[in-house]
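> Quick one: the structure is below, questions incoming.
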Amino acid sequence: MKKLVYISAFSLLLFSCGEKKLNVDEVVESNDINKIREAREKVHADYEALAAQLAKIDAAIDSLDPNRSRILVKTIAVKDTTFTHFIEIQGNVDTKQNILIYPEFSGILQQLNVKAGQRVSKGQILARIDDGGVSAQVAQAQAQLDLAQTTFDRQKRLWDQKIGSEIQYLQAKTSLESQQKVVAQLQSQLNKTVVRAPFSGTIDEVMTEKGKVVSPGQELFRIVNLGDMYVSATVPETYLSQIKLGAPVEVRLNAIGKTYKGKVRQIGNYINPNNRTFGIEVALPNPENLLRPNQVAVLKIEDYKTDKALLLPENIIQQKAGGRLVVYTVDKSDKDEVKAVEQEVKTGYTSDGYVEIKSGITTGEEIITDGAKSIKDGSTVEIIK
């Protein structure tokens, strides 16, 4: 309607100029600065007069328009919905089976049976170290053990028949036991010359070469098993009562663009005094074999869930003086006018831009969303469908 009035006023301006036979184009083409200035003053005076008339017309329209004081708003009806809250922290992928293998014996590496990337089984021989004559000592000690065993067996038979002295029997027994310990000790030394896989996995790295002299403390291999992966993370102590064993966890690895489902399998019992955190471990499946130790992971740990939550967008909750949190509902009791009603609310958890409302509104109420910032308690509103 206002647009029509403006068009009519503009037409009136043209008509008015036409009545006085003012041709703006001719005045401009005359290049007479005085005529142009006179024409401008006349047109401006007509414009001012029309502007005053338009102001009166607008005022009349506003006073007669039944919708003049109504604020346009949009609403949503609240209803019960499932709500889950998560604690989001950063962690690192790890595995219990990721170790460096060191030799237990000094000597020349005679055999190197594996290479990087090779799959190995638990107990498989990875390398052999020259024993430096220990095998010969084992053979000699074994021969002496066999003799001691034979002597003891004969002495025992005699002793069982009450033949010979007890001291001879005990000496034979002691000699046998002593020689058994010698053989066991030498055999233990010999066993250390063989390097075996402590568990099944993949040789990730070989740090030595055949023919090199090796010794305890020198790295030989890194072996990794990706079958038992987990994520370790540190959590602020404020969440101690909220994280439970078995709690579902969503693990996001941005580097590979994958999300996995896991569960909390361990919660630390120690609070680090330096940063007031405790450790957790989340068991993680690795079906595609894409996980690697030390990958960065983002954990979303479920710490709260309810099936009957009232949720509202976070941006429609307003904070008033004194820290009060309010939203606006609509009152439709008057069929001619819809009123905005200020409602104080108590909130719970916030997640993904939505806030859980603990009290202040009930299921089915209409909450003002768009236009809420422009209204106050008792404002007349018009709901946009």
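In the structure tokens, the first chain shown is A, the next is B, and so on; residue numbers restart at 1 for each chain, and ligands run from 1 in the order shown.
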Name the residues of stretch 36-244 of chain A that fall into alpha helix (DSSP H) according to DSSP on the backbone, using the chain letters and numbers of this document, as an MDAnalysis selection string.

chainID A and resid 36:64 134:160 166:191

> Pull C-alpha atoms from the residues just selected and write them as a PDB file, in the first residue's frame.


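This is the output file again18.pdb:
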ATOM      1  CA  ILE A  36      19.988  25.452 -13.482  1.00  0.00           C
ATOM      2  CA  ARG A  37      20.246  26.678  -9.864  1.00  0.00           C
ATOM      3  CA  GLU A  38      16.766  28.262 -10.050  1.00  0.00           C
ATOM      4  CA  ALA A  39      15.339  25.019 -11.457  1.00  0.00           C
ATOM      5  CA  ARG A  40      16.954  22.996  -8.702  1.00  0.00           C
ATOM      6  CA  GLU A  41      15.484  25.255  -5.997  1.00  0.00           C
ATOM      7  CA  LYS A  42      12.007  24.908  -7.492  1.00  0.00           C
ATOM      8  CA  VAL A  43      12.200  21.113  -7.823  1.00  0.00           C
ATOM      9  CA  HIS A  44      13.591  20.824  -4.280  1.00  0.00           C
ATOM     10  CA  ALA A  45      10.746  22.981  -2.877  1.00  0.00           C
ATOM     11  CA  ASP A  46       8.176  20.759  -4.624  1.00  0.00           C
ATOM     12  CA  TYR A  47       9.965  17.682  -3.261  1.00  0.00           C
ATOM     13  CA  GLU A  48       9.866  19.012   0.312  1.00  0.00           C
ATOM     14  CA  ALA A  49       6.156  19.719   0.024  1.00  0.00           C
ATOM     15  CA  LEU A  50       5.465  16.212  -1.281  1.00  0.00           C
ATOM     16  CA  ALA A  51       7.643  14.642   1.446  1.00  0.00           C
ATOM     17  CA  ALA A  52       5.557  16.378   4.117  1.00  0.00           C
ATOM     18  CA  GLN A  53       2.360  15.099   2.502  1.00  0.00           C
ATOM     19  CA  LEU A  54       3.814  11.568   2.312  1.00  0.00           C
ATOM     20  CA  ALA A  55       4.666  11.684   6.025  1.00  0.00           C
ATOM     21  CA  LYS A  56       1.053  12.561   6.842  1.00  0.00           C
ATOM     22  CA  ILE A  57      -0.220   9.740   4.637  1.00  0.00           C
ATOM     23  CA  ASP A  58       2.180   7.227   6.250  1.00  0.00           C
ATOM     24  CA  ALA A  59       1.049   8.296   9.719  1.00  0.00           C
ATOM     25  CA  ALA A  60      -2.570   7.810   8.726  1.00  0.00           C
ATOM     26  CA  ILE A  61      -1.814   4.358   7.311  1.00  0.00           C
ATOM     27  CA  ASP A  62       0.019   3.317  10.477  1.00  0.00           C
ATOM     28  CA  SER A  63      -2.812   4.508  12.721  1.00  0.00           C
ATOM     29  CA  LEU A  64      -5.435   2.637  10.713  1.00  0.00           C
ATOM     30  CA  VAL A 134      78.518 -72.470  24.288  1.00  0.00           C
ATOM     31  CA  SER A 135      76.995 -75.325  22.287  1.00  0.00           C
ATOM     32  CA  ALA A 136      80.164 -77.368  22.765  1.00  0.00           C
ATOM     33  CA  GLN A 137      80.046 -76.687  26.485  1.00  0.00           C
ATOM     34  CA  VAL A 138      76.425 -77.832  26.542  1.00  0.00           C
ATOM     35  CA  ALA A 139      77.370 -81.068  24.776  1.00  0.00           C
ATOM     36  CA  GLN A 140      80.200 -81.722  27.235  1.00  0.00           C
ATOM     37  CA  ALA A 141      78.014 -80.918  30.227  1.00  0.00           C
ATOM     38  CA  GLN A 142      75.273 -83.148  28.833  1.00  0.00           C
ATOM     39  CA  ALA A 143      77.745 -86.056  28.607  1.00  0.00           C
ATOM     40  CA  GLN A 144      78.753 -85.548  32.198  1.00  0.00           C
ATOM     41  CA  LEU A 145      75.060 -85.345  33.128  1.00  0.00           C
ATOM     42  CA  ASP A 146      74.410 -88.676  31.429  1.00  0.00           C
ATOM     43  CA  LEU A 147      77.258 -90.218  33.422  1.00  0.00           C
ATOM     44  CA  ALA A 148      75.969 -88.725  36.657  1.00  0.00           C
ATOM     45  CA  GLN A 149      72.508 -90.058  35.848  1.00  0.00           C
ATOM     46  CA  THR A 150      73.856 -93.573  35.244  1.00  0.00           C
ATOM     47  CA  THR A 151      75.900 -93.511  38.438  1.00  0.00           C
ATOM     48  CA  PHE A 152      72.922 -92.315  40.458  1.00  0.00           C
ATOM     49  CA  ASP A 153      70.596 -94.961  38.972  1.00  0.00           C
ATOM     50  CA  ARG A 154      73.041 -97.771  39.890  1.00  0.00           C
ATOM     51  CA  GLN A 155      73.667 -96.392  43.358  1.00  0.00           C
ATOM     52  CA  LYS A 156      69.938 -96.042  43.949  1.00  0.00           C
ATOM     53  CA  ARG A 157      69.304 -99.677  42.978  1.00  0.00           C
ATOM     54  CA  LEU A 158      71.998-100.802  45.417  1.00  0.00           C
ATOM     55  CA  TRP A 159      70.615 -98.568  48.136  1.00  0.00           C
ATOM     56  CA  ASP A 160      67.118 -99.902  47.573  1.00  0.00           C
ATOM     57  CA  GLU A 166      73.999 -94.034  52.440  1.00  0.00           C
ATOM     58  CA  ILE A 167      76.791 -91.546  51.871  1.00  0.00           C
ATOM     59  CA  GLN A 168      77.532 -93.070  48.468  1.00  0.00           C
ATOM     60  CA  TYR A 169      73.875 -92.746  47.517  1.00  0.00           C
ATOM     61  CA  LEU A 170      73.713 -89.095  48.634  1.00  0.00           C
ATOM     62  CA  GLN A 171      76.930 -88.226  46.827  1.00  0.00           C
ATOM     63  CA  ALA A 172      75.567 -89.686  43.583  1.00  0.00           C
ATOM     64  CA  LYS A 173      72.314 -87.787  44.031  1.00  0.00           C
ATOM     65  CA  THR A 174      74.090 -84.496  44.742  1.00  0.00           C
ATOM     66  CA  SER A 175      76.392 -84.943  41.765  1.00  0.00           C
ATOM     67  CA  LEU A 176      73.381 -85.546  39.501  1.00  0.00           C
ATOM     68  CA  GLU A 177      71.506 -82.495  40.720  1.00  0.00           C
ATOM     69  CA  SER A 178      74.566 -80.293  40.415  1.00  0.00           C
ATOM     70  CA  GLN A 179      75.213 -81.422  36.863  1.00  0.00           C
ATOM     71  CA  GLN A 180      71.559 -80.838  35.942  1.00  0.00           C
ATOM     72  CA  LYS A 181      71.896 -77.223  37.044  1.00  0.00           C
ATOM     73  CA  VAL A 182      75.086 -76.825  35.019  1.00  0.00           C
ATOM     74  CA  VAL A 183      73.374 -78.131  31.880  1.00  0.00           C
ATOM     75  CA  ALA A 184      70.293 -75.951  32.494  1.00  0.00           C
ATOM     76  CA  GLN A 185      72.456 -72.874  32.938  1.00  0.00           C
ATOM     77  CA  LEU A 186      74.466 -73.545  29.772  1.00  0.00           C
ATOM     78  CA  GLN A 187      71.309 -74.375  27.838  1.00  0.00           C
ATOM     79  CA  SER A 188      69.787 -71.077  28.973  1.00  0.00           C
ATOM     80  CA  GLN A 189      72.844 -69.272  27.634  1.00  0.00           C
ATOM     81  CA  LEU A 190      72.578 -71.160  24.355  1.00  0.00           C
ATOM     82  CA  ASN A 191      68.874 -70.305  24.035  1.00  0.00           C
TER      83      ASN A 191
END

> When you look at A:Ser121 with a cut-off of 9 Å (counting only C-alpha atoms), what residues show up, excluding the ones that are within fewer than 4 positions of it in the same chain? I need them as a count of residues only.

6

> When distances are computed from only C-alpha atoms, which of A:Leu253, A:Leu220, A:Ile383, A:Ala247 shows the smallest separation from A:Lys305?

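Distance minimum relative to A:Lys305 lands on A:Ala247.
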
> Against stretch 90-99 of chain A, which residues of stretch 196-247 of chain A fall within 12 Å? For each one I want the closest pair of atoms and the distance in Å (one decimal), counting only C-alpha atoms, rows by chain and increasing residue number, as JSON lines.


{"residue": "A:Ala197", "atom": "CA", "partner": "A:Ile99", "partner_atom": "CA", "distance": 10.5}
{"residue": "A:Pro198", "atom": "CA", "partner": "A:Gln97", "partner_atom": "CA", "distance": 9.3}
{"residue": "A:Phe199", "atom": "CA", "partner": "A:Gln97", "partner_atom": "CA", "distance": 7.8}
{"residue": "A:Ser200", "atom": "CA", "partner": "A:Gln97", "partner_atom": "CA", "distance": 9.1}
{"residue": "A:Gly201", "atom": "CA", "partner": "A:Gln97", "partner_atom": "CA", "distance": 8.2}
{"residue": "A:Thr202", "atom": "CA", "partner": "A:Asn98", "partner_atom": "CA", "distance": 9.6}
{"residue": "A:Ile203", "atom": "CA", "partner": "A:Asn98", "partner_atom": "CA", "distance": 10.0}
{"residue": "A:Asp204", "atom": "CA", "partner": "A:Asn98", "partner_atom": "CA", "distance": 9.3}
{"residue": "A:Glu205", "atom": "CA", "partner": "A:Ile99", "partner_atom": "CA", "distance": 10.7}
{"residue": "A:Glu219", "atom": "CA", "partner": "A:Ile99", "partner_atom": "CA", "distance": 10.3}
{"residue": "A:Leu220", "atom": "CA", "partner": "A:Ile99", "partner_atom": "CA", "distance": 10.8}
{"residue": "A:Phe221", "atom": "CA", "partner": "A:Ile99", "partner_atom": "CA", "distance": 8.4}
{"residue": "A:Arg222", "atom": "CA", "partner": "A:Ile99", "partner_atom": "CA", "distance": 5.7}
{"residue": "A:Ile223", "atom": "CA", "partner": "A:Ile99", "partner_atom": "CA", "distance": 5.7}
{"residue": "A:Val224", "atom": "CA", "partner": "A:Asn98", "partner_atom": "CA", "distance": 4.4}
{"residue": "A:Asn225", "atom": "CA", "partner": "A:Gln97", "partner_atom": "CA", "distance": 5.4}
{"residue": "A:Leu226", "atom": "CA", "partner": "A:Thr95", "partner_atom": "CA", "distance": 6.9}
{"residue": "A:Gly227", "atom": "CA", "partner": "A:Thr95", "partner_atom": "CA", "distance": 8.3}
{"residue": "A:Asp228", "atom": "CA", "partner": "A:Thr95", "partner_atom": "CA", "distance": 6.0}
{"residue": "A:Met229", "atom": "CA", "partner": "A:Thr95", "partner_atom": "CA", "distance": 4.7}
{"residue": "A:Tyr230", "atom": "CA", "partner": "A:Asp94", "partner_atom": "CA", "distance": 5.5}
{"residue": "A:Val231", "atom": "CA", "partner": "A:Val93", "partner_atom": "CA", "distance": 4.4}
{"residue": "A:Ser232", "atom": "CA", "partner": "A:Asn92", "partner_atom": "CA", "distance": 5.5}
{"residue": "A:Ala233", "atom": "CA", "partner": "A:Gly91", "partner_atom": "CA", "distance": 4.3}
{"residue": "A:Thr234", "atom": "CA", "partner": "A:Gly91", "partner_atom": "CA", "distance": 7.3}
{"residue": "A:Val235", "atom": "CA", "partner": "A:Gln90", "partner_atom": "CA", "distance": 9.0}
{"residue": "A:Pro236", "atom": "CA", "partner": "A:Gln90", "partner_atom": "CA", "distance": 11.6}

> Let's have the selection written as a PDB file, in the first residue's frame, with C-alpha atoms.


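Saved the output as out-v2.pdb:
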ATOM      1  CA  ALA A 197      59.165 -63.439  17.914  1.00  0.00           C
ATOM      2  CA  PRO A 198      57.459 -62.727  21.268  1.00  0.00           C
ATOM      3  CA  PHE A 199      54.042 -62.603  19.587  1.00  0.00           C
ATOM      4  CA  SER A 200      52.496 -62.855  16.138  1.00  0.00           C
ATOM      5  CA  GLY A 201      52.705 -59.668  14.113  1.00  0.00           C
ATOM      6  CA  THR A 202      54.603 -57.794  11.413  1.00  0.00           C
ATOM      7  CA  ILE A 203      58.299 -56.912  11.370  1.00  0.00           C
ATOM      8  CA  ASP A 204      57.961 -53.163  11.010  1.00  0.00           C
ATOM      9  CA  GLU A 205      61.674 -52.375  10.922  1.00  0.00           C
ATOM     10  CA  GLU A 219      68.047 -52.707  18.741  1.00  0.00           C
ATOM     11  CA  LEU A 220      67.462 -55.532  16.253  1.00  0.00           C
ATOM     12  CA  PHE A 221      63.806 -55.370  15.164  1.00  0.00           C
ATOM     13  CA  ARG A 222      60.529 -53.600  15.753  1.00  0.00           C
ATOM     14  CA  ILE A 223      57.531 -55.914  15.728  1.00  0.00           C
ATOM     15  CA  VAL A 224      53.956 -54.635  15.674  1.00  0.00           C
ATOM     16  CA  ASN A 225      50.601 -56.359  15.941  1.00  0.00           C
ATOM     17  CA  LEU A 226      47.660 -54.216  14.787  1.00  0.00           C
ATOM     18  CA  GLY A 227      45.033 -56.666  15.988  1.00  0.00           C
ATOM     19  CA  ASP A 228      44.648 -55.258  19.515  1.00  0.00           C
ATOM     20  CA  MET A 229      44.432 -51.506  19.043  1.00  0.00           C
ATOM     21  CA  TYR A 230      43.222 -48.932  21.550  1.00  0.00           C
ATOM     22  CA  VAL A 231      43.164 -45.179  22.113  1.00  0.00           C
ATOM     23  CA  SER A 232      44.750 -43.662  25.187  1.00  0.00           C
ATOM     24  CA  ALA A 233      43.718 -40.215  26.402  1.00  0.00           C
ATOM     25  CA  THR A 234      43.887 -37.989  29.455  1.00  0.00           C
ATOM     26  CA  VAL A 235      40.629 -36.628  30.870  1.00  0.00           C
ATOM     27  CA  PRO A 236      40.138 -33.672  33.269  1.00  0.00           C
TER      28      PRO A 236
END

> Pick out the closest residue to A:Asn113 from this set: A:Asn269, A:Leu299, A:Arg196, A:Asp307. Count only C-alpha atoms.

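For A:Asn113, the nearest of the candidates is A:Arg196.
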
> Output as a PDB file with N, CA and C atoms, in the first residue's frame all residues of stretch 34-102 of chain A that backbone DSSP marks as strand (DSSP E).


ATOM      1  N   ILE A  71       4.607  -7.924  15.890  1.00  0.00           N
ATOM      2  CA  ILE A  71       5.949  -8.328  15.473  1.00  0.00           C
ATOM      3  C   ILE A  71       5.855  -9.709  14.835  1.00  0.00           C
ATOM      4  N   LEU A  72       6.425  -9.846  13.652  1.00  0.00           N
ATOM      5  CA  LEU A  72       6.372 -11.121  12.949  1.00  0.00           C
ATOM      6  C   LEU A  72       7.374 -12.096  13.575  1.00  0.00           C
ATOM      7  N   VAL A  73       6.895 -13.285  13.905  1.00  0.00           N
ATOM      8  CA  VAL A  73       7.749 -14.296  14.546  1.00  0.00           C
ATOM      9  C   VAL A  73       7.466 -15.666  13.949  1.00  0.00           C
ATOM     10  N   THR A  75       7.612 -19.900  15.225  1.00  0.00           N
ATOM     11  CA  THR A  75       7.601 -20.712  16.444  1.00  0.00           C
ATOM     12  C   THR A  75       7.875 -22.182  16.125  1.00  0.00           C
ATOM     13  N   ILE A  76       8.261 -22.909  17.166  1.00  0.00           N
ATOM     14  CA  ILE A  76       8.360 -24.371  17.086  1.00  0.00           C
ATOM     15  C   ILE A  76       7.660 -24.960  18.295  1.00  0.00           C
ATOM     16  N   ALA A  77       7.100 -26.128  18.116  1.00  0.00           N
ATOM     17  CA  ALA A  77       6.454 -26.838  19.226  1.00  0.00           C
ATOM     18  C   ALA A  77       7.454 -27.814  19.819  1.00  0.00           C
ATOM     19  N   ASP A  80       9.161 -34.295  23.361  1.00  0.00           N
ATOM     20  CA  ASP A  80      10.184 -35.182  23.921  1.00  0.00           C
ATOM     21  C   ASP A  80      11.032 -35.768  22.810  1.00  0.00           C
ATOM     22  N   THR A  81      12.325 -35.824  23.058  1.00  0.00           N
ATOM     23  CA  THR A  81      13.229 -36.410  22.073  1.00  0.00           C
ATOM     24  C   THR A  81      14.417 -37.035  22.781  1.00  0.00           C
ATOM     25  N   THR A  82      15.107 -37.917  22.081  1.00  0.00           N
ATOM     26  CA  THR A  82      16.296 -38.548  22.657  1.00  0.00           C
ATOM     27  C   THR A  82      17.464 -37.573  22.594  1.00  0.00           C
ATOM     28  N   PHE A  83      18.179 -37.463  23.705  1.00  0.00           N
ATOM     29  CA  PHE A  83      19.297 -36.533  23.786  1.00  0.00           C
ATOM     30  C   PHE A  83      20.505 -37.244  24.375  1.00  0.00           C
ATOM     31  N   THR A  84      21.625 -37.120  23.693  1.00  0.00           N
ATOM     32  CA  THR A  84      22.870 -37.722  24.160  1.00  0.00           C
ATOM     33  C   THR A  84      23.936 -36.647  24.247  1.00  0.00           C
ATOM     34  N   HIS A  85      24.635 -36.629  25.380  1.00  0.00           N
ATOM     35  CA  HIS A  85      25.711 -35.660  25.561  1.00  0.00           C
ATOM     36  C   HIS A  85      27.052 -36.377  25.534  1.00  0.00           C
ATOM     37  N   PHE A  86      28.041 -35.726  24.938  1.00  0.00           N
ATOM     38  CA  PHE A  86      29.364 -36.328  24.803  1.00  0.00           C
ATOM     39  C   PHE A  86      30.435 -35.425  25.405  1.00  0.00           C
ATOM     40  N   ILE A  87      31.478 -36.063  25.928  1.00  0.00           N
ATOM     41  CA  ILE A  87      32.700 -35.363  26.295  1.00  0.00           C
ATOM     42  C   ILE A  87      33.663 -35.532  25.126  1.00  0.00           C
ATOM     43  N   GLU A  88      34.186 -34.446  24.615  1.00  0.00           N
ATOM     44  CA  GLU A  88      35.078 -34.522  23.448  1.00  0.00           C
ATOM     45  C   GLU A  88      36.508 -34.211  23.871  1.00  0.00           C
ATOM     46  N   ILE A  89      37.415 -35.159  23.650  1.00  0.00           N
ATOM     47  CA  ILE A  89      38.821 -34.988  23.998  1.00  0.00           C
ATOM     48  C   ILE A  89      39.686 -35.573  22.887  1.00  0.00           C
ATOM     49  N   GLN A  90      40.982 -35.307  22.966  1.00  0.00           N
ATOM     50  CA  GLN A  90      41.932 -35.834  21.976  1.00  0.00           C
ATOM     51  C   GLN A  90      42.762 -36.943  22.597  1.00  0.00           C
ATOM     52  N   GLY A  91      43.050 -37.964  21.791  1.00  0.00           N
ATOM     53  CA  GLY A  91      43.853 -39.081  22.257  1.00  0.00           C
ATOM     54  C   GLY A  91      44.789 -39.584  21.170  1.00  0.00           C
ATOM     55  N   ASN A  92      45.521 -40.655  21.495  1.00  0.00           N
ATOM     56  CA  ASN A  92      46.464 -41.251  20.544  1.00  0.00           C
ATOM     57  C   ASN A  92      46.186 -42.738  20.399  1.00  0.00           C
ATOM     58  N   VAL A  93      46.256 -43.208  19.160  1.00  0.00           N
ATOM     59  CA  VAL A  93      46.092 -44.632  18.894  1.00  0.00           C
ATOM     60  C   VAL A  93      47.350 -45.369  19.345  1.00  0.00           C
ATOM     61  N   ASP A  94      47.164 -46.540  19.940  1.00  0.00           N
ATOM     62  CA  ASP A  94      48.311 -47.302  20.413  1.00  0.00           C
ATOM     63  C   ASP A  94      47.969 -48.785  20.405  1.00  0.00           C
ATOM     64  N   THR A  95      48.961 -49.612  20.669  1.00  0.00           N
ATOM     65  CA  THR A  95      48.761 -51.049  20.789  1.00  0.00           C
ATOM     66  C   THR A  95      49.714 -51.565  21.850  1.00  0.00           C
ATOM     67  N   ASN A  98      53.607 -53.524  20.429  1.00  0.00           N
ATOM     68  CA  ASN A  98      54.459 -52.680  19.587  1.00  0.00           C
ATOM     69  C   ASN A  98      55.775 -52.518  20.348  1.00  0.00           C
ATOM     70  N   ILE A  99      56.728 -53.389  20.067  1.00  0.00           N
ATOM     71  CA  ILE A  99      57.952 -53.403  20.878  1.00  0.00           C
ATOM     72  C   ILE A  99      59.201 -53.485  20.009  1.00  0.00           C
ATOM     73  N   LEU A 100      60.313 -53.102  20.625  1.00  0.00           N
ATOM     74  CA  LEU A 100      61.634 -53.289  20.026  1.00  0.00           C
ATOM     75  C   LEU A 100      62.235 -54.569  20.596  1.00  0.00           C
ATOM     76  N   ILE A 101      62.877 -55.337  19.747  1.00  0.00           N
ATOM     77  CA  ILE A 101      63.496 -56.589  20.167  1.00  0.00           C
ATOM     78  C   ILE A 101      65.007 -56.380  20.280  1.00  0.00           C
TER      79      ILE A 101
END

> Considering only C-alpha atoms, return as a PDB file with C-alpha atoms, in the first residue's frame whatever protein or nucleic-acid residues lie within 12 Å of A:Ile271, sequence-local ones (same chain, fewer than 5 positions apart) excluded.


ATOM      1  CA  THR A 234      43.887 -37.989  29.455  1.00  0.00           C
ATOM      2  CA  VAL A 235      40.629 -36.628  30.870  1.00  0.00           C
ATOM      3  CA  PRO A 236      40.138 -33.672  33.269  1.00  0.00           C
ATOM      4  CA  GLU A 237      39.303 -34.895  36.764  1.00  0.00           C
ATOM      5  CA  THR A 238      35.988 -32.981  36.673  1.00  0.00           C
ATOM      6  CA  TYR A 239      34.648 -35.784  34.454  1.00  0.00           C
ATOM      7  CA  LEU A 240      35.723 -38.572  36.814  1.00  0.00           C
ATOM      8  CA  ARG A 276      44.676 -32.720  37.211  1.00  0.00           C
ATOM      9  CA  THR A 277      43.848 -35.435  34.690  1.00  0.00           C
ATOM     10  CA  PHE A 278      43.453 -39.195  34.690  1.00  0.00           C
ATOM     11  CA  GLY A 279      44.050 -41.700  31.908  1.00  0.00           C
ATOM     12  CA  ILE A 280      41.593 -43.883  30.019  1.00  0.00           C
TER      13      ILE A 280
END

> Can you tell me how far atom CA of A:Gly353 sits from atom CA of A:Thr306, in Å to one decimal?

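Taking atom CA of A:Gly353 and atom CA of A:Thr306, their separation equals 17.1 Å.
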
> Show which residues sit within 7 Å of A:Ile129, as a list in words. Count only C-alpha atoms, and ignore same-chain residues fewer than 3 positions away.

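What passes the distance filter is Gly107, Ile108, Leu109, Gln110, Gln111, Thr193 and Val194 of chain A.
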
> Identify, on the basis of only C-alpha atoms, every residue whose closest approach to A:Ala340 does not exceed 7 Å; exclude the query and any residue fewer than 4 positions from it along the same chain; express the result as a ChimeraX atom specification.

/A:328-331,377-381

> What's around A:Gln218 at 12 Å? Count only C-alpha atoms, leave out sequence neighbours fewer than 5 positions away in its own chain, and write the answer as an NGL selection string.

:A and (100-107 or 206-208 or 212-213)

> Contacts of A:Leu311 at 10 Å or less, counting only C-alpha atoms, minus same-chain residues fewer than 2 places along, as number ranges by chain?

A: 78-83, 308-309, 313-314, 347-351, 353-358
